[in-house]
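Asks: Before I ask anything, here is the structure I am working with.
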Amino acid sequence: MTETSNSPMGLDNLDALAASLPVQLSAASPPPLLQPQPEAGPSRLRAADKWLKPHGPPVGIAFGGGCWERKRTDHVELPDDFSERAEEIMERHRSSPVSADIRDDYNERPAWYWNKFYSNHKEAFFKDRSWLRLEFPELVACTEADAGPKVCLEVGCGAGNTVYPLLDKNENPDLVIHATDYSAEAVGVVKANRMYPKPAHGKGIIHASVWDITSKPSPPPSSSPSTDGVHPARTFSLPEGVEPGTVDVLTVIYVLSALHPTEWDQAIHNLYSALKPGGLLLIRDYGRHDLAQLRIKKDRLLDPAVPNLYIRGDGTRVYFFTKQELRGMLEAKPRTTSGGLSVPNSEEEGRRDQDQGPMFEVNQLGEDRRLLVNRKERLKMYRIWMQVKARKLGPNGEGATV
Ligand SMILES: C[S@@+](CC[C@H](N)C(=O)[O-])C[C@H]1O[C@@H](n2cnc3c(N)ncnc32)[C@H](O)[C@@H]1O
């Protein structure tokens, strides 16, 4: 990997990156947005730490006020001029996008690049996700002995970094986990786990399958008439073994960022169709102007017409979200439906049901911001992640939090 690769596996060649960056702190110039991270120490890993730096960021000891006394501070405010300065970097991205002759390949076969990624890094992944308990207690609650029958679906499961820690500690005999990814290599890693399909303690079960979150039903709705003449044909696609309206908790962790914005609509429609009314969608992903975005250099913006979508050095795509974008996706009205299934013909397919409320009630839409500093260099770096918890609403608002 090169320092421009922005690899999901690590912030590589940080010295080279530092050398290439123009900024040092002085009275005349404010601290830079982008600088190298200090070396890693033990840490409470979160998902993006793993993807961006395998050993996680350093954890400083808090010994007084002021950001320079801590190597890392959670829940920070951004400096007043942060957006303005980040936009200057974005402008540089826009001025040197990926060359048009190779752009289409990244969009036409994205799974190929993820397959390559997993075949290169099979062993490098497995990390203990202790942060799941802190950030997503609703997911962990499904593993409690008295939780009752629960169906969890993990989309874009990768090597199983969320599903296996859950299954390992599971005490619920009635827990069913579906783990899906469009990379057959990733699904192969999940299936090769010693806990597949049932852990040795015998509680719970896992099914893994290849599935593209953006997929449309096959055959398309316009050519697939209702089979019983009453119910319309589907306009959504679901993973093998998942019935519509049956999932209690659905996790999508650093996956939506791998999609092209034109794919968001179908993806959310599919997730909505999998969940039961009141079912919970949990999302964690990259935020706009995250360090991972600002450190990207030239020739990585995939298309000047699609801001904030980049290609990493290994060919995988990455998008950086705002809260408004995520809210817009989730609070859109559902597609026109009848009897719980979407209306079959292709003209109707994209139409929204104006009589209905939003698809989801957004219970949490947070920006998790962490400041990392290099005291020696007096440098600041901001990690920005998005975290969402949203409940599926039924046609009459069923499922809303009371
Ligand atoms: C950054 S990794 C995150 C993996 C896992 N969620 C985790 O946190 O460890 C992104 C994953 O999303 C998968 N992915 C990307 N686009 C997808 C799509 N359209 N459908 C299903 N999986 C997808 C990739 O294959 C990859 O495994």
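To be explicit about the labels: the chains of the structure tokens are called A, B, and onward in the order shown, and within each one the residues are counted from 1, while ligands get numbers from 1 in the order they are shown.
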Could you pull the residues within 9 Å of Leu365 (chain A), counting only C-alpha atoms, minus those fewer than 3 positions along the same chain, as a list in words?
Replies: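 The contact residues come out as Lys323, Leu326, Arg327, Val362, Met386, Gln387, Val388, Lys389 and Ala390 of chain A.
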Asks: Report as a compact mmCIF listing (two decimals) with N, CA and C atoms, in the first residue's frame all protein, DNA and RNA residues lying within 10 Å of Leu250 (chain A), evaluated on only C-alpha atoms, omitting residues in the same chain fewer than 4 positions from it.
Replies:
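Saved result, result_21.txt, follows:
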```txt
# COMPACT_ATOMS: atom_id res chain seq x y z
N LEU A 139 -28.02 -4.74 20.32
CA LEU A 139 -27.60 -5.94 19.59
C LEU A 139 -27.17 -7.03 20.58
N VAL A 151 -33.79 -12.69 15.57
CA VAL A 151 -33.09 -12.83 14.29
C VAL A 151 -32.24 -11.58 14.09
N CYS A 152 -30.93 -11.79 13.93
CA CYS A 152 -30.02 -10.67 13.66
C CYS A 152 -29.45 -10.86 12.26
N LEU A 153 -29.35 -9.75 11.54
CA LEU A 153 -28.77 -9.81 10.19
C LEU A 153 -27.61 -8.83 10.13
N GLU A 154 -26.45 -9.35 9.77
CA GLU A 154 -25.28 -8.49 9.60
C GLU A 154 -25.00 -8.41 8.10
N VAL A 155 -25.07 -7.21 7.55
CA VAL A 155 -24.86 -7.02 6.11
C VAL A 155 -23.46 -6.46 5.88
N ILE A 177 -28.44 -15.91 13.61
CA ILE A 177 -27.68 -14.81 13.00
C ILE A 177 -27.51 -15.11 11.52
N HIS A 178 -27.82 -14.13 10.68
CA HIS A 178 -27.51 -14.24 9.25
C HIS A 178 -26.36 -13.29 8.97
N LEU A 271 -33.05 -3.28 3.13
CA LEU A 271 -32.91 -3.41 4.59
C LEU A 271 -34.27 -3.23 5.28
N TYR A 272 -34.99 -2.23 4.80
CA TYR A 272 -36.34 -1.96 5.33
C TYR A 272 -37.23 -3.19 5.16
N ALA A 274 -36.36 -6.29 5.04
CA ALA A 274 -35.94 -7.41 5.89
C ALA A 274 -36.43 -7.25 7.32
N LEU A 275 -36.48 -6.00 7.81
CA LEU A 275 -36.79 -5.77 9.22
C LEU A 275 -38.27 -5.95 9.52
N GLY A 279 -38.29 -3.23 14.26
CA GLY A 279 -36.93 -3.78 14.17
C GLY A 279 -35.90 -2.65 14.07
N LEU A 280 -34.71 -2.94 14.53
CA LEU A 280 -33.71 -1.88 14.70
C LEU A 280 -32.60 -1.99 13.65
N LEU A 281 -32.32 -0.86 13.02
CA LEU A 281 -31.21 -0.78 12.06
C LEU A 281 -30.07 -0.03 12.76
N LEU A 282 -28.90 -0.65 12.81
CA LEU A 282 -27.73 -0.04 13.45
C LEU A 282 -26.66 0.20 12.39
N ILE A 283 -26.24 1.44 12.28
CA ILE A 283 -25.26 1.80 11.24
C ILE A 283 -24.06 2.47 11.90
N LYS A 389 -29.06 4.76 14.95
CA LYS A 389 -29.98 3.72 15.40
C LYS A 389 -31.36 4.14 14.90
N ALA A 390 -32.00 3.30 14.11
CA ALA A 390 -33.29 3.68 13.52
C ALA A 390 -34.25 2.49 13.58
```
Asks: Go through A:Val163, A:Ile102, A:Leu134, A:Val249 one by one, measure the shortest atom-to-atom distance of each to ligand 1 using only C-alpha atoms and all ligand atoms, and give the residue with the smallest value.
Replies: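 Going through A:Val163, A:Ile102, A:Leu134, A:Val249 one by one, the smallest distance to ligand 1 is for A:Val163.
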Asks: What are the closest atom pairs, with distances in Å to one decimal, for each residue of chain A lying within 8 Å of ligand 1, using only C-alpha atoms and all ligand atoms, rows by chain and rising residue number, as a tab-separated table?
Replies:
```
residue	atom	partner	partner_atom_place_in_ligand_line	distance
A:Pro8	CA	ligand 1	1 (C)	6.2
A:Ala47	CA	ligand 1	8 (O)	5.8
A:Ala48	CA	ligand 1	8 (O)	7.7
A:Trp51	CA	ligand 1	1 (C)	6.5
A:Pro110	CA	ligand 1	16 (N)	7.1
A:Ala111	CA	ligand 1	25 (O)	6.2
A:Trp114	CA	ligand 1	25 (O)	4.9
A:Asn115	CA	ligand 1	25 (O)	6.9
A:Tyr118	CA	ligand 1	27 (O)	7.9
A:Phe125	CA	ligand 1	9 (O)	7.9
A:Glu154	CA	ligand 1	6 (N)	7.6
A:Val155	CA	ligand 1	21 (C)	6.1
A:Gly156	CA	ligand 1	22 (N)	3.7
A:Cys157	CA	ligand 1	6 (N)	4.4
A:Gly158	CA	ligand 1	27 (O)	3.5
A:Ala159	CA	ligand 1	9 (O)	6.4
A:Gly160	CA	ligand 1	9 (O)	6.5
A:Asn161	CA	ligand 1	9 (O)	5.0
A:Thr162	CA	ligand 1	9 (O)	6.5
A:Thr180	CA	ligand 1	21 (C)	6.8
A:Asp181	CA	ligand 1	22 (N)	4.0
A:Tyr182	CA	ligand 1	21 (C)	4.1
A:Ser183	CA	ligand 1	25 (O)	4.6
A:Ala186	CA	ligand 1	27 (O)	6.2
A:Val210	CA	ligand 1	21 (C)	7.7
A:Trp211	CA	ligand 1	21 (C)	5.7
A:Asp212	CA	ligand 1	20 (N)	3.5
A:Ile213	CA	ligand 1	20 (N)	4.0
A:Thr214	CA	ligand 1	19 (N)	5.2
A:Ser215	CA	ligand 1	19 (N)	7.6
A:Val252	CA	ligand 1	6 (N)	6.2
A:Ile253	CA	ligand 1	6 (N)	4.3
A:Tyr254	CA	ligand 1	1 (C)	4.7
A:Val255	CA	ligand 1	12 (O)	4.2
A:Leu256	CA	ligand 1	16 (N)	7.0
A:Ser257	CA	ligand 1	15 (C)	7.8
A:Ala258	CA	ligand 1	15 (C)	4.9
A:Leu259	CA	ligand 1	16 (N)	5.8
A:Ala267	CA	ligand 1	19 (N)	7.9
```
Asks: In Å, how far is it from CA of Glu243 (chain A) to CA of Thr143 (chain A)?
Replies: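 Spanning CA of Glu243 (chain A) to CA of Thr143 (chain A) is a straight-line distance of 20.9 Å.
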Asks: Find the residue from A:Val247, A:His75, A:Lys298, A:Pro395 that sits nearest to Leu372 (chain A); use only C-alpha atoms when measuring.
Replies: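 Of A:Val247, A:His75, A:Lys298, A:Pro395, the one nearest Leu372 (chain A), counting only C-alpha atoms, is A:His75.
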Asks: Under the rule that only C-alpha atoms are counted, which of A:Pro304, A:Pro358, A:Pro199, A:Gly241 is the nearest residue to His269 (chain A)?
Replies: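 Counting only C-alpha atoms, the residue closest to His269 (chain A) is A:Pro358.
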Asks: As an exercise, work out the distance from CA of Thr73 (chain A) to CA of Leu371 (chain A) in Å and give it to one decimal place.
Replies: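 We find that CA of Thr73 (chain A) and CA of Leu371 (chain A) lie 5.1 Å from each other.
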Asks: Enter the distance from CA of Pro217 (chain A) to CA of Val189 (chain A), in Å, rounded to one decimal.
Replies: 26.4 Å
Asks: Which residues, written as a PyMOL selection string, have at least one atom at most 12 Å from region 164-168 of chain A, with only C-alpha atoms counted and residues fewer than 3 positions away on the same chain left out?
Replies: chain A and resi 126-133+136-144+152-154+157-161+171-179+189-208
Asks: With C-alpha atoms retained, export the selected residues as a CSV table (one decimal), in the first residue's frame.
Replies:
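The resulting file, out-v4.csv, is reproduced below:
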```
chain,number,residue,atom,x,y,z
A,126,PHE,CA,-10.0,-10.9,13.7
A,127,LYS,CA,-10.4,-8.4,16.5
A,128,ASP,CA,-12.3,-8.4,19.7
A,129,ARG,CA,-15.2,-5.9,19.3
A,130,SER,CA,-15.7,-4.9,22.9
A,131,TRP,CA,-17.1,-1.6,21.7
A,132,LEU,CA,-20.2,-3.4,20.5
A,133,ARG,CA,-21.4,-3.7,24.1
A,136,PHE,CA,-24.9,-1.2,20.4
A,137,PRO,CA,-26.2,-2.7,23.6
A,138,GLU,CA,-29.5,-3.4,21.7
A,139,LEU,CA,-27.6,-5.9,19.6
A,140,VAL,CA,-25.9,-7.6,22.5
A,141,ALA,CA,-29.2,-7.8,24.3
A,142,CYS,CA,-30.3,-10.4,21.7
A,143,THR,CA,-27.7,-12.8,23.2
A,144,GLU,CA,-29.1,-12.7,26.7
A,152,CYS,CA,-30.0,-10.7,13.7
A,153,LEU,CA,-28.8,-9.8,10.2
A,154,GLU,CA,-25.3,-8.5,9.6
A,157,CYS,CA,-20.1,-8.9,7.5
A,158,GLY,CA,-16.6,-9.1,6.2
A,159,ALA,CA,-14.6,-11.7,8.1
A,160,GLY,CA,-17.2,-12.0,10.8
A,161,ASN,CA,-15.8,-9.4,13.2
A,171,GLU,CA,-26.5,-17.4,25.9
A,172,ASN,CA,-29.8,-17.3,23.9
A,173,PRO,CA,-30.7,-20.7,22.5
A,174,ASP,CA,-33.1,-19.1,20.1
A,175,LEU,CA,-30.7,-16.7,18.5
A,176,VAL,CA,-30.4,-16.9,14.7
A,177,ILE,CA,-27.7,-14.8,13.0
A,178,HIS,CA,-27.5,-14.2,9.2
A,179,ALA,CA,-24.1,-13.0,8.0
A,189,VAL,CA,-13.7,-16.8,5.8
A,190,VAL,CA,-16.9,-16.7,7.9
A,191,LYS,CA,-17.8,-20.2,7.0
A,192,ALA,CA,-14.3,-21.5,7.8
A,193,ASN,CA,-14.7,-20.3,11.4
A,194,ARG,CA,-14.7,-23.1,14.1
A,195,MET,CA,-18.1,-21.7,15.3
A,196,TYR,CA,-19.8,-22.2,12.0
A,197,PRO,CA,-22.7,-23.0,11.9
A,198,LYS,CA,-23.1,-23.6,15.6
A,199,PRO,CA,-20.7,-22.8,18.4
A,200,ALA,CA,-19.4,-25.6,20.7
A,201,HIS,CA,-21.5,-24.3,23.6
A,202,GLY,CA,-24.5,-25.1,21.4
A,203,LYS,CA,-26.4,-21.9,21.8
A,204,GLY,CA,-27.5,-20.0,18.7
A,205,ILE,CA,-26.8,-20.6,15.0
A,206,ILE,CA,-25.3,-18.7,12.2
A,207,HIS,CA,-26.0,-18.8,8.4
A,208,ALA,CA,-23.6,-17.1,6.0
```
Asks: Go through A:Phe236, A:Arg375, A:His260, A:Ile384 and flag the residue nearest Glu108 (chain A), using only C-alpha atoms for the distances.
Replies: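 Smallest separation from Glu108 (chain A) among the options: A:His260.
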Asks: Among region 111-241 of chain A, which residues does DSSP mark as strand (DSSP E or B) when it is run on the backbone? Keep the chain and numbering as in the structure and answer as a ChimeraX atom specification.
Replies: /A:150-155,175-181,205-210
Asks: Write the residues you've just listed into a file as a PDB file, in the first residue's frame, and include N, CA and C atoms for each of them.
Replies:
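Dumped to out-v7.pdb:
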```pdb
ATOM      1  N   LYS A 150     -34.756 -14.450  18.477  1.00  0.00           N
ATOM      2  CA  LYS A 150     -34.251 -13.213  17.870  1.00  0.00           C
ATOM      3  C   LYS A 150     -33.555 -13.543  16.562  1.00  0.00           C
ATOM      4  N   VAL A 151     -33.787 -12.686  15.571  1.00  0.00           N
ATOM      5  CA  VAL A 151     -33.093 -12.832  14.288  1.00  0.00           C
ATOM      6  C   VAL A 151     -32.236 -11.583  14.088  1.00  0.00           C
ATOM      7  N   CYS A 152     -30.928 -11.786  13.932  1.00  0.00           N
ATOM      8  CA  CYS A 152     -30.020 -10.666  13.660  1.00  0.00           C
ATOM      9  C   CYS A 152     -29.449 -10.856  12.261  1.00  0.00           C
ATOM     10  N   LEU A 153     -29.355  -9.755  11.543  1.00  0.00           N
ATOM     11  CA  LEU A 153     -28.770  -9.807  10.191  1.00  0.00           C
ATOM     12  C   LEU A 153     -27.606  -8.833  10.134  1.00  0.00           C
ATOM     13  N   GLU A 154     -26.452  -9.354   9.769  1.00  0.00           N
ATOM     14  CA  GLU A 154     -25.278  -8.492   9.601  1.00  0.00           C
ATOM     15  C   GLU A 154     -24.995  -8.407   8.099  1.00  0.00           C
ATOM     16  N   VAL A 155     -25.071  -7.209   7.546  1.00  0.00           N
ATOM     17  CA  VAL A 155     -24.859  -7.024   6.110  1.00  0.00           C
ATOM     18  C   VAL A 155     -23.459  -6.455   5.881  1.00  0.00           C
ATOM     19  N   LEU A 175     -31.302 -17.720  19.296  1.00  0.00           N
ATOM     20  CA  LEU A 175     -30.720 -16.661  18.456  1.00  0.00           C
ATOM     21  C   LEU A 175     -30.328 -17.226  17.091  1.00  0.00           C
ATOM     22  N   VAL A 176     -30.789 -16.543  16.038  1.00  0.00           N
ATOM     23  CA  VAL A 176     -30.361 -16.897  14.677  1.00  0.00           C
ATOM     24  C   VAL A 176     -29.652 -15.682  14.097  1.00  0.00           C
ATOM     25  N   ILE A 177     -28.441 -15.906  13.612  1.00  0.00           N
ATOM     26  CA  ILE A 177     -27.684 -14.811  13.001  1.00  0.00           C
ATOM     27  C   ILE A 177     -27.508 -15.113  11.516  1.00  0.00           C
ATOM     28  N   HIS A 178     -27.822 -14.133  10.681  1.00  0.00           N
ATOM     29  CA  HIS A 178     -27.513 -14.235   9.248  1.00  0.00           C
ATOM     30  C   HIS A 178     -26.357 -13.289   8.967  1.00  0.00           C
ATOM     31  N   ALA A 179     -25.306 -13.811   8.376  1.00  0.00           N
ATOM     32  CA  ALA A 179     -24.144 -12.984   8.043  1.00  0.00           C
ATOM     33  C   ALA A 179     -23.995 -12.987   6.529  1.00  0.00           C
ATOM     34  N   THR A 180     -24.010 -11.797   5.922  1.00  0.00           N
ATOM     35  CA  THR A 180     -23.953 -11.763   4.461  1.00  0.00           C
ATOM     36  C   THR A 180     -22.930 -10.735   3.998  1.00  0.00           C
ATOM     37  N   ASP A 181     -22.383 -11.004   2.838  1.00  0.00           N
ATOM     38  CA  ASP A 181     -21.430 -10.070   2.228  1.00  0.00           C
ATOM     39  C   ASP A 181     -21.451 -10.380   0.738  1.00  0.00           C
ATOM     40  N   ILE A 205     -27.230 -20.048  16.329  1.00  0.00           N
ATOM     41  CA  ILE A 205     -26.844 -20.614  15.037  1.00  0.00           C
ATOM     42  C   ILE A 205     -26.535 -19.472  14.071  1.00  0.00           C
ATOM     43  N   ILE A 206     -25.639 -19.728  13.142  1.00  0.00           N
ATOM     44  CA  ILE A 206     -25.299 -18.697  12.153  1.00  0.00           C
ATOM     45  C   ILE A 206     -25.393 -19.270  10.741  1.00  0.00           C
ATOM     46  N   HIS A 207     -25.991 -18.478   9.831  1.00  0.00           N
ATOM     47  CA  HIS A 207     -26.016 -18.819   8.404  1.00  0.00           C
ATOM     48  C   HIS A 207     -25.232 -17.735   7.686  1.00  0.00           C
ATOM     49  N   ALA A 208     -24.355 -18.123   6.789  1.00  0.00           N
ATOM     50  CA  ALA A 208     -23.621 -17.111   6.014  1.00  0.00           C
ATOM     51  C   ALA A 208     -23.958 -17.280   4.547  1.00  0.00           C
ATOM     52  N   SER A 209     -24.113 -16.159   3.841  1.00  0.00           N
ATOM     53  CA  SER A 209     -24.410 -16.251   2.412  1.00  0.00           C
ATOM     54  C   SER A 209     -23.891 -15.025   1.679  1.00  0.00           C
ATOM     55  N   VAL A 210     -23.711 -15.234   0.368  1.00  0.00           N
ATOM     56  CA  VAL A 210     -23.269 -14.128  -0.485  1.00  0.00           C
ATOM     57  C   VAL A 210     -24.513 -13.346  -0.889  1.00  0.00           C
TER      58      VAL A 210
END
```
Asks: Among region 300-398 of chain A, which residues carry a DSSP assignment of helix (DSSP H, G or I), reported as a tab-separated table (two decimals) with N, CA and C atoms, in the first residue's frame?
Replies:
```
chain	number	residue	atom	x	y	z
A	323	LYS	N	-24.67	13.81	8.39
A	323	LYS	CA	-25.87	13.38	9.12
A	323	LYS	C	-27.11	13.53	8.23
A	324	GLN	N	-27.13	14.66	7.49
A	324	GLN	CA	-28.32	14.93	6.67
A	324	GLN	C	-28.53	13.85	5.62
A	325	GLU	N	-27.43	13.37	5.04
A	325	GLU	CA	-27.57	12.33	4.01
A	325	GLU	C	-28.16	11.06	4.62
A	326	LEU	N	-27.66	10.69	5.79
A	326	LEU	CA	-28.15	9.46	6.41
A	326	LEU	C	-29.61	9.62	6.82
A	327	ARG	N	-29.92	10.76	7.39
A	327	ARG	CA	-31.31	11.00	7.79
A	327	ARG	C	-32.24	10.97	6.58
A	328	GLY	N	-31.79	11.60	5.49
A	328	GLY	CA	-32.61	11.64	4.28
A	328	GLY	C	-32.93	10.24	3.77
A	329	MET	N	-31.95	9.36	3.81
A	329	MET	CA	-32.18	7.98	3.34
A	329	MET	C	-33.21	7.27	4.20
A	330	LEU	N	-33.11	7.47	5.51
A	330	LEU	CA	-33.92	6.70	6.44
A	330	LEU	C	-35.33	7.27	6.61
A	346	SER	N	-42.58	-1.64	-13.10
A	346	SER	CA	-41.36	-0.86	-12.92
A	346	SER	C	-41.62	0.63	-12.77
A	347	GLU	N	-42.74	1.10	-13.34
A	347	GLU	CA	-43.04	2.53	-13.16
A	347	GLU	C	-43.30	2.83	-11.70
A	348	GLU	N	-44.01	1.90	-11.05
A	348	GLU	CA	-44.35	2.10	-9.65
A	348	GLU	C	-43.15	1.91	-8.74
A	349	GLU	N	-42.21	1.13	-9.26
A	349	GLU	CA	-41.13	0.67	-8.39
A	349	GLU	C	-40.44	1.80	-7.63
```
Asks: Go through A:Asp355, A:Glu240, A:Glu331, A:Glu185 and flag the residue nearest Lys116 (chain A), using only C-alpha atoms for the distances.
Replies: A:Glu185
